[in-house]
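Let me begin by presenting the structure, written as structure tokens, before commenting on it.
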Amino acid sequence: MLVRGITDQDIPAVLEIYTHYVQNSVATFELTPPSLADFSKRVDSIRTSNLPHLVATAEENPNSVLGYAYASFYRAERHAYRHTVEISIYLSHTCLRSGAGRALMNALVAGIRERQPHVRELLAVMAVDTVGSGVGVEMFYRKMGFEEVGKLKKVGYKFDRWIDVMFLQKSLVVEA
């Protein structure tokens, strides 16, 4: 498996992965998939913030995107939050439990440390999905060193049900 920075050629495949989650899960609270033009703007926004936006590909086929991950500044319009980023990871539904998530997370953390060494805290915001794959997602984050720091009750409504949101946090600060 290879992990590398996203290219313009990857954007349609990444959008296809995201569209699956928009249409079939509560991993995102978007109800309608974005257009290719709008999604491309989102990717460009991450690129210009000097944070990593990565894709995982198969070694034997580096043009086949298995998943993607990115970081964005948490509440970027509020400068006091400049030491905190929110991370997102999406895998092709055909590549779950393939090691792509772990590879993306490790590369994402390394990229954040390299590009933005002042960042101290990582946040993951996830739906508490009692019907779909949410339990596996939560276990993944916990295995990667995140801990639950809060929960918002019934703040999302999708697929005719109310959904809670969990905040998970991981510190990049190494305590002496």
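By convention here, the chains of the structure tokens are called A, B, ... in the order presented, each chain's residues are numbered starting at 1, and ligands are numbered starting at 1 in the order presented.
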Non-local contacts of Leu31 in chain A (8 Å; only C-alpha atoms; under 5 positions in same chain excluded) as a ChimeraX atom specification: /A:22-23,158
Those in range 16-151 of chain A with alpha helix (DSSP H) from DSSP, as a PyMOL selection string: chain A and resi 16-24+36-48+100-115+134-143
Shell of 12 Å around Gln169 in chain A, only C-alpha atoms, local chain residues under 3 positions omitted, as a PyMOL selection string: chain A and resi 84-87+120-126+138+141-142+144-151+166+172
From A:Met105, A:Ile112, A:Leu2, A:Ile89, residue lying nearest Lys143 in chain A [only C-alpha atoms]: A:Met105
Non-local contacts of Arg47 in chain A (10 Å; only C-alpha atoms; under 2 positions in same chain excluded) as a ChimeraX atom specification: /A:5-6,41-45,49-53,70-72
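Here CA of Val26 in chain A is placed at a distance of 20.4 Å from CA of Asp38 in chain A.
Among the candidates A:Ala56, A:Glu77, A:Gln116, A:Tyr21, the one nearest to Ser98 in chain A when counting only C-alpha atoms is A:Ala56.
Distances here use only C-alpha atoms; by that measure, the residue among A:Arg102, A:Lys153, A:His118, A:Arg113 closest to Arg82 in chain A is A:His118.
Between CA of Val128 in chain A and CA of Val109 in chain A the interatomic distance comes to 23.6 Å.
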